[in-house]
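Novice: Here it is, the structure in full.
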Amino acid sequence: MRAIHHWDLWVDDFETASGEWGWLFGELGWEAGEKGHFWEAPDGTYVFMEHSSDQHGTQDRLRPGVNHIAFTVESREVLDRMRAASTEHGWHEMYADRYPHAGGDEHTALYLESSEGFEVEIVLEVEDLTA
């Protein structure tokens, strides 16, 4: 049984966000669906991206709500590849001076922020302390 069924991602700039998130989900092995606003993980979890007329204000992860979402990768090579390519796909690396252990010596991860301020953490699934 998967832990999450799906989640909706509301964005302000649909075209920019589609490029940023599309690249990220592709790197994570998620399959793109209809018109560039739907992606599905191998376990069936999916995300639907939209811009809604019900939206107001901008994304601020420092306000009450969801701060960030964390995904896993199975190898340090994937993590390093994503780090190297992230800026050309609209993402900003957070804590670059502490990569790959910004979360502590025993935690290997990459922290990224989208152009709209969404934070994503990419965690090495198998914690390898020599990574």
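Residues are referred to by chain and number: the chain letter is A, B, ... according to the order shown in the structure tokens, the number counts from 1 in that chain, and ligands are numbered separately from 1 in the order shown.
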Quick one: DSSP helix (DSSP H, G or I) residues in range 50-103 of chain A, as a list in words?
Specialist: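 Restricting range 50-103 of chain A to helix (DSSP H, G or I) produces Arg76, Glu77, Val78, Leu79, Asp80, Arg81, Met82, Arg83, Ala84, Ala85, Ser86, Thr87, Glu88, His89, Ala96, Asp97 and Arg98 of chain A.
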Novice: Export all heavy atoms of the chosen residues as a CSV table (one decimal), in the first residue's frame?
Specialist:
chain,number,residue,atom,x,y,z
A,76,ARG,N,23.7,8.0,-5.2
A,76,ARG,CA,24.4,9.3,-5.1
A,76,ARG,C,24.6,9.9,-6.4
A,76,ARG,O,24.6,11.1,-6.6
A,76,ARG,CB,25.7,9.1,-4.3
A,76,ARG,CG,26.6,10.3,-4.2
A,76,ARG,CD,26.0,11.4,-3.3
A,76,ARG,NE,26.8,12.6,-3.5
A,76,ARG,CZ,27.8,12.9,-2.7
A,76,ARG,NH1,28.1,12.1,-1.7
A,76,ARG,NH2,28.4,14.1,-2.8
A,77,GLU,N,24.8,9.0,-7.5
A,77,GLU,CA,25.0,9.5,-8.8
A,77,GLU,C,23.8,10.3,-9.3
A,77,GLU,O,23.9,11.3,-9.9
A,77,GLU,CB,25.3,8.3,-9.8
A,77,GLU,CG,26.6,7.6,-9.6
A,77,GLU,CD,26.6,6.7,-8.4
A,77,GLU,OE1,25.5,6.2,-7.9
A,77,GLU,OE2,27.7,6.4,-7.9
A,78,VAL,N,22.6,9.8,-9.0
A,78,VAL,CA,21.3,10.5,-9.4
A,78,VAL,C,21.3,11.8,-8.6
A,78,VAL,O,21.0,12.9,-9.2
A,78,VAL,CB,20.1,9.7,-9.1
A,78,VAL,CG1,18.8,10.5,-9.3
A,78,VAL,CG2,20.1,8.4,-10.0
A,79,LEU,N,21.6,11.8,-7.3
A,79,LEU,CA,21.6,13.0,-6.5
A,79,LEU,C,22.5,14.1,-7.1
A,79,LEU,O,22.2,15.2,-7.3
A,79,LEU,CB,22.0,12.7,-5.1
A,79,LEU,CG,21.6,13.7,-4.0
A,79,LEU,CD1,20.1,13.8,-3.9
A,79,LEU,CD2,22.3,13.3,-2.7
A,80,ASP,N,23.8,13.6,-7.4
A,80,ASP,CA,24.8,14.6,-8.0
A,80,ASP,C,24.3,15.1,-9.4
A,80,ASP,O,24.5,16.2,-9.7
A,80,ASP,CB,26.1,13.9,-8.1
A,80,ASP,CG,26.8,13.6,-6.7
A,80,ASP,OD1,26.4,14.2,-5.7
A,80,ASP,OD2,27.7,12.7,-6.7
A,81,ARG,N,23.7,14.2,-10.2
A,81,ARG,CA,23.3,14.6,-11.5
A,81,ARG,C,22.2,15.7,-11.4
A,81,ARG,O,22.2,16.7,-12.1
A,81,ARG,CB,22.8,13.4,-12.3
A,81,ARG,CG,22.4,13.8,-13.7
A,81,ARG,CD,21.8,12.6,-14.5
A,81,ARG,NE,20.5,12.2,-14.0
A,81,ARG,CZ,20.1,11.0,-13.7
A,81,ARG,NH1,21.0,10.0,-13.8
A,81,ARG,NH2,18.9,10.8,-13.2
A,82,MET,N,21.3,15.4,-10.5
A,82,MET,CA,20.2,16.4,-10.3
A,82,MET,C,20.7,17.7,-9.8
A,82,MET,O,20.3,18.8,-10.2
A,82,MET,CB,19.1,15.8,-9.3
A,82,MET,CG,18.3,14.7,-9.9
A,82,MET,SD,17.1,14.1,-8.8
A,82,MET,CE,15.9,15.4,-8.8
A,83,ARG,N,21.7,17.7,-8.9
A,83,ARG,CA,22.3,18.9,-8.4
A,83,ARG,C,22.9,19.7,-9.6
A,83,ARG,O,22.8,20.9,-9.7
A,83,ARG,CB,23.4,18.6,-7.4
A,83,ARG,CG,24.1,19.8,-6.8
A,83,ARG,CD,25.2,19.5,-5.9
A,83,ARG,NE,25.6,20.7,-5.2
A,83,ARG,CZ,26.8,20.9,-4.8
A,83,ARG,NH1,27.8,20.1,-5.2
A,83,ARG,NH2,27.1,22.0,-4.2
A,84,ALA,N,23.7,19.0,-10.4
A,84,ALA,CA,24.4,19.6,-11.5
A,84,ALA,C,23.4,20.3,-12.5
A,84,ALA,O,23.7,21.3,-13.1
A,84,ALA,CB,25.3,18.6,-12.2
A,85,ALA,N,22.3,19.7,-12.7
A,85,ALA,CA,21.3,20.1,-13.8
A,85,ALA,C,20.2,21.0,-13.2
A,85,ALA,O,19.5,21.6,-14.0
A,85,ALA,CB,20.7,18.9,-14.5
A,86,SER,N,20.1,21.1,-11.9
A,86,SER,CA,18.9,21.8,-11.4
A,86,SER,C,18.8,23.3,-11.8
A,86,SER,O,17.7,23.7,-12.1
A,86,SER,CB,18.9,21.7,-9.8
A,86,SER,OG,20.0,22.3,-9.3
A,87,THR,N,19.8,24.0,-11.8
A,87,THR,CA,19.7,25.4,-12.1
A,87,THR,C,19.3,25.7,-13.5
A,87,THR,O,18.5,26.6,-13.8
A,87,THR,CB,21.0,26.2,-11.8
A,87,THR,OG1,22.1,25.6,-12.5
A,87,THR,CG2,21.3,26.2,-10.3
A,88,GLU,N,19.7,24.8,-14.5
A,88,GLU,CA,19.3,25.0,-15.8
A,88,GLU,C,17.8,24.7,-16.1
A,88,GLU,O,17.2,24.9,-17.1
A,88,GLU,CB,20.2,24.3,-16.8
A,88,GLU,CG,20.1,22.8,-16.7
A,88,GLU,CD,21.2,22.1,-17.5
A,88,GLU,OE1,22.4,22.3,-17.1
A,88,GLU,OE2,20.9,21.4,-18.5
A,89,HIS,N,17.2,24.1,-15.0
A,89,HIS,CA,15.7,23.8,-15.1
A,89,HIS,C,14.9,24.6,-14.1
A,89,HIS,O,13.8,24.3,-13.8
A,89,HIS,CB,15.5,22.3,-14.8
A,89,HIS,CG,16.2,21.4,-15.9
A,89,HIS,ND1,15.5,21.2,-17.1
A,89,HIS,CD2,17.4,20.8,-15.9
A,89,HIS,CE1,16.3,20.4,-17.8
A,89,HIS,NE2,17.4,20.2,-17.1
A,96,ALA,N,24.0,25.1,-0.5
A,96,ALA,CA,25.0,24.5,-1.4
A,96,ALA,C,26.4,24.4,-0.7
A,96,ALA,O,27.1,23.4,-1.0
A,96,ALA,CB,25.2,25.4,-2.6
A,97,ASP,N,26.7,25.2,0.2
A,97,ASP,CA,28.0,25.1,0.9
A,97,ASP,C,28.1,23.9,1.8
A,97,ASP,O,29.2,23.6,2.3
A,97,ASP,CB,28.3,26.4,1.7
A,97,ASP,CG,27.2,26.7,2.8
A,97,ASP,OD1,26.0,26.4,2.5
A,97,ASP,OD2,27.6,27.2,3.8
A,98,ARG,N,26.9,23.3,2.1
A,98,ARG,CA,26.9,22.1,3.0
A,98,ARG,C,26.5,20.8,2.3
A,98,ARG,O,26.2,19.8,2.9
A,98,ARG,CB,26.0,22.4,4.2
A,98,ARG,CG,26.5,23.5,5.0
A,98,ARG,CD,25.7,23.8,6.2
A,98,ARG,NE,24.3,24.2,5.8
A,98,ARG,CZ,23.4,24.6,6.6
A,98,ARG,NH1,23.6,24.6,7.9
A,98,ARG,NH2,22.2,24.9,6.1
Novice: Find the residues around range 37-47 of chain A up to 7 Å (only C-alpha atoms counted), leave out those fewer than 2 positions away in its own chain, and share them as a PDB file with N, CA and C atoms, in the first residue's frame.
Specialist:
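The result, written out as around.pdb:
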ATOM      1  N   ARG A   2       0.570   2.198  -0.857  1.00  0.00           N
ATOM      2  CA  ARG A   2       1.369   3.421  -0.898  1.00  0.00           C
ATOM      3  C   ARG A   2       0.939   4.374   0.214  1.00  0.00           C
ATOM      4  N   ILE A   4       0.899   7.809   0.124  1.00  0.00           N
ATOM      5  CA  ILE A   4       0.156   8.967  -0.365  1.00  0.00           C
ATOM      6  C   ILE A   4      -0.564   8.588  -1.644  1.00  0.00           C
ATOM      7  N   HIS A   5      -1.841   8.913  -1.739  1.00  0.00           N
ATOM      8  CA  HIS A   5      -2.608   8.644  -2.958  1.00  0.00           C
ATOM      9  C   HIS A   5      -2.275   9.671  -4.027  1.00  0.00           C
ATOM     10  N   HIS A   6      -2.453  10.959  -3.719  1.00  0.00           N
ATOM     11  CA  HIS A   6      -2.103  12.029  -4.654  1.00  0.00           C
ATOM     12  C   HIS A   6      -2.026  13.348  -3.903  1.00  0.00           C
ATOM     13  N   TRP A   7      -1.513  14.352  -4.578  1.00  0.00           N
ATOM     14  CA  TRP A   7      -1.529  15.701  -4.034  1.00  0.00           C
ATOM     15  C   TRP A   7      -1.685  16.674  -5.177  1.00  0.00           C
ATOM     16  N   ASP A   8      -2.308  17.799  -4.863  1.00  0.00           N
ATOM     17  CA  ASP A   8      -2.526  18.861  -5.840  1.00  0.00           C
ATOM     18  C   ASP A   8      -1.520  19.972  -5.578  1.00  0.00           C
ATOM     19  N   LEU A   9      -0.929  20.450  -6.637  1.00  0.00           N
ATOM     20  CA  LEU A   9       0.063  21.511  -6.559  1.00  0.00           C
ATOM     21  C   LEU A   9      -0.485  22.724  -7.287  1.00  0.00           C
ATOM     22  N   SER A  18       5.554  24.105 -14.953  1.00  0.00           N
ATOM     23  CA  SER A  18       5.531  22.839 -15.711  1.00  0.00           C
ATOM     24  C   SER A  18       6.936  22.416 -16.103  1.00  0.00           C
ATOM     25  N   GLY A  29      11.834   9.564 -11.992  1.00  0.00           N
ATOM     26  CA  GLY A  29      11.229   8.384 -12.596  1.00  0.00           C
ATOM     27  C   GLY A  29       9.718   8.425 -12.671  1.00  0.00           C
ATOM     28  N   TRP A  30       9.112   9.588 -12.489  1.00  0.00           N
ATOM     29  CA  TRP A  30       7.672   9.730 -12.600  1.00  0.00           C
ATOM     30  C   TRP A  30       7.309   9.899 -14.070  1.00  0.00           C
ATOM     31  N   GLU A  31       6.181   9.367 -14.481  1.00  0.00           N
ATOM     32  CA  GLU A  31       5.707   9.460 -15.862  1.00  0.00           C
ATOM     33  C   GLU A  31       4.789  10.664 -16.026  1.00  0.00           C
ATOM     34  N   ALA A  32       4.997  11.408 -17.109  1.00  0.00           N
ATOM     35  CA  ALA A  32       4.156  12.571 -17.401  1.00  0.00           C
ATOM     36  C   ALA A  32       2.815  12.115 -17.951  1.00  0.00           C
ATOM     37  N   GLY A  33       1.791  12.832 -17.576  1.00  0.00           N
ATOM     38  CA  GLY A  33       0.450  12.550 -18.064  1.00  0.00           C
ATOM     39  C   GLY A  33      -0.066  13.685 -18.917  1.00  0.00           C
ATOM     40  N   GLU A  34      -1.342  13.902 -18.849  1.00  0.00           N
ATOM     41  CA  GLU A  34      -2.037  14.835 -19.717  1.00  0.00           C
ATOM     42  C   GLU A  34      -1.515  16.269 -19.684  1.00  0.00           C
ATOM     43  N   LYS A  35      -1.215  16.793 -20.842  1.00  0.00           N
ATOM     44  CA  LYS A  35      -0.912  18.208 -21.061  1.00  0.00           C
ATOM     45  C   LYS A  35       0.109  18.816 -20.114  1.00  0.00           C
ATOM     46  N   MET A  49      -0.991  19.323 -11.171  1.00  0.00           N
ATOM     47  CA  MET A  49      -0.632  20.720 -11.062  1.00  0.00           C
ATOM     48  C   MET A  49      -1.680  21.571 -11.769  1.00  0.00           C
ATOM     49  N   GLU A  50      -2.055  22.670 -11.110  1.00  0.00           N
ATOM     50  CA  GLU A  50      -3.031  23.551 -11.722  1.00  0.00           C
ATOM     51  C   GLU A  50      -2.873  24.975 -11.211  1.00  0.00           C
TER      52      GLU A  50
END
Novice: What gap, in Å, lies between CA of His51 in chain A and CA of Val11 in chain A?
Specialist: 5.3 Å
Novice: Excluding range 115-125 of chain A and its own-chain neighbours fewer than 5 positions away, which residues fall within 10 Å of it when counting only C-alpha atoms? Please give them as a VMD selection string.
Specialist: chain A and resid 9 11 to 13 16 to 17 20 24 28 58 to 62 66 to 79 82 to 83 89 to 94 100 103 107 to 110 131
Novice: Extract the full set of strand (DSSP E) residues from range 52-105 of chain A according to DSSP on the backbone, and format it as JSON, numbers by chain.
Specialist: {"A": [68, 69, 70, 71, 72, 73, 92, 93, 94]}
Novice: Go ahead and dump the residues you just picked, N, CA, C and O atoms, as a PDB file, in the first residue's frame.
Specialist:
ATOM      1  N   HIS A  68       7.823  21.801   3.068  1.00  0.00           N
ATOM      2  CA  HIS A  68       8.474  21.214   1.888  1.00  0.00           C
ATOM      3  C   HIS A  68       8.045  19.763   1.740  1.00  0.00           C
ATOM      4  O   HIS A  68       7.428  19.197   2.625  1.00  0.00           O
ATOM      5  N   ILE A  69       8.406  19.184   0.606  1.00  0.00           N
ATOM      6  CA  ILE A  69       8.147  17.770   0.367  1.00  0.00           C
ATOM      7  C   ILE A  69       9.489  17.108   0.059  1.00  0.00           C
ATOM      8  O   ILE A  69      10.363  17.726  -0.566  1.00  0.00           O
ATOM      9  N   ALA A  70       9.659  15.888   0.532  1.00  0.00           N
ATOM     10  CA  ALA A  70      10.915  15.167   0.333  1.00  0.00           C
ATOM     11  C   ALA A  70      10.666  13.921  -0.511  1.00  0.00           C
ATOM     12  O   ALA A  70       9.715  13.183  -0.269  1.00  0.00           O
ATOM     13  N   PHE A  71      11.517  13.745  -1.508  1.00  0.00           N
ATOM     14  CA  PHE A  71      11.482  12.571  -2.381  1.00  0.00           C
ATOM     15  C   PHE A  71      12.757  11.777  -2.157  1.00  0.00           C
ATOM     16  O   PHE A  71      13.730  12.293  -1.612  1.00  0.00           O
ATOM     17  N   THR A  72      12.763  10.526  -2.597  1.00  0.00           N
ATOM     18  CA  THR A  72      13.959   9.698  -2.448  1.00  0.00           C
ATOM     19  C   THR A  72      14.536   9.325  -3.806  1.00  0.00           C
ATOM     20  O   THR A  72      13.818   9.232  -4.800  1.00  0.00           O
ATOM     21  N   VAL A  73      15.844   9.138  -3.816  1.00  0.00           N
ATOM     22  CA  VAL A  73      16.556   8.567  -4.956  1.00  0.00           C
ATOM     23  C   VAL A  73      17.396   7.428  -4.418  1.00  0.00           C
ATOM     24  O   VAL A  73      17.706   7.381  -3.225  1.00  0.00           O
ATOM     25  N   HIS A  92      16.751  26.505  -7.647  1.00  0.00           N
ATOM     26  CA  HIS A  92      17.853  27.133  -6.926  1.00  0.00           C
ATOM     27  C   HIS A  92      18.285  26.169  -5.823  1.00  0.00           C
ATOM     28  O   HIS A  92      17.448  25.691  -5.048  1.00  0.00           O
ATOM     29  N   GLU A  93      19.589  25.886  -5.763  1.00  0.00           N
ATOM     30  CA  GLU A  93      20.073  24.993  -4.705  1.00  0.00           C
ATOM     31  C   GLU A  93      20.162  25.743  -3.385  1.00  0.00           C
ATOM     32  O   GLU A  93      20.732  26.835  -3.306  1.00  0.00           O
ATOM     33  N   MET A  94      19.610  25.143  -2.367  1.00  0.00           N
ATOM     34  CA  MET A  94      19.683  25.696  -1.016  1.00  0.00           C
ATOM     35  C   MET A  94      20.829  25.002  -0.271  1.00  0.00           C
ATOM     36  O   MET A  94      21.110  23.828  -0.511  1.00  0.00           O
TER      37      MET A  94
END
Novice: For a test of reading the model, state the distance in Å between CA of Tyr99 in chain A and CA of Gly19 in chain A, rounded to one decimal.
Specialist: 24.2 Å
Novice: Looking at A:Ala3, A:Ser114, A:His101, A:Ser53, which one is nearest to Trp23 in chain A, with distances taken over only C-alpha atoms?
Specialist: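 Comparing A:Ala3, A:Ser114, A:His101, A:Ser53 against Trp23 in chain A, the winner is A:Ser114.
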Novice: Go ahead and compute the interatomic distance for CA of Asp54 in chain A and CA of Phe25 in chain A, in Å to one decimal.
Specialist: 25.5 Å
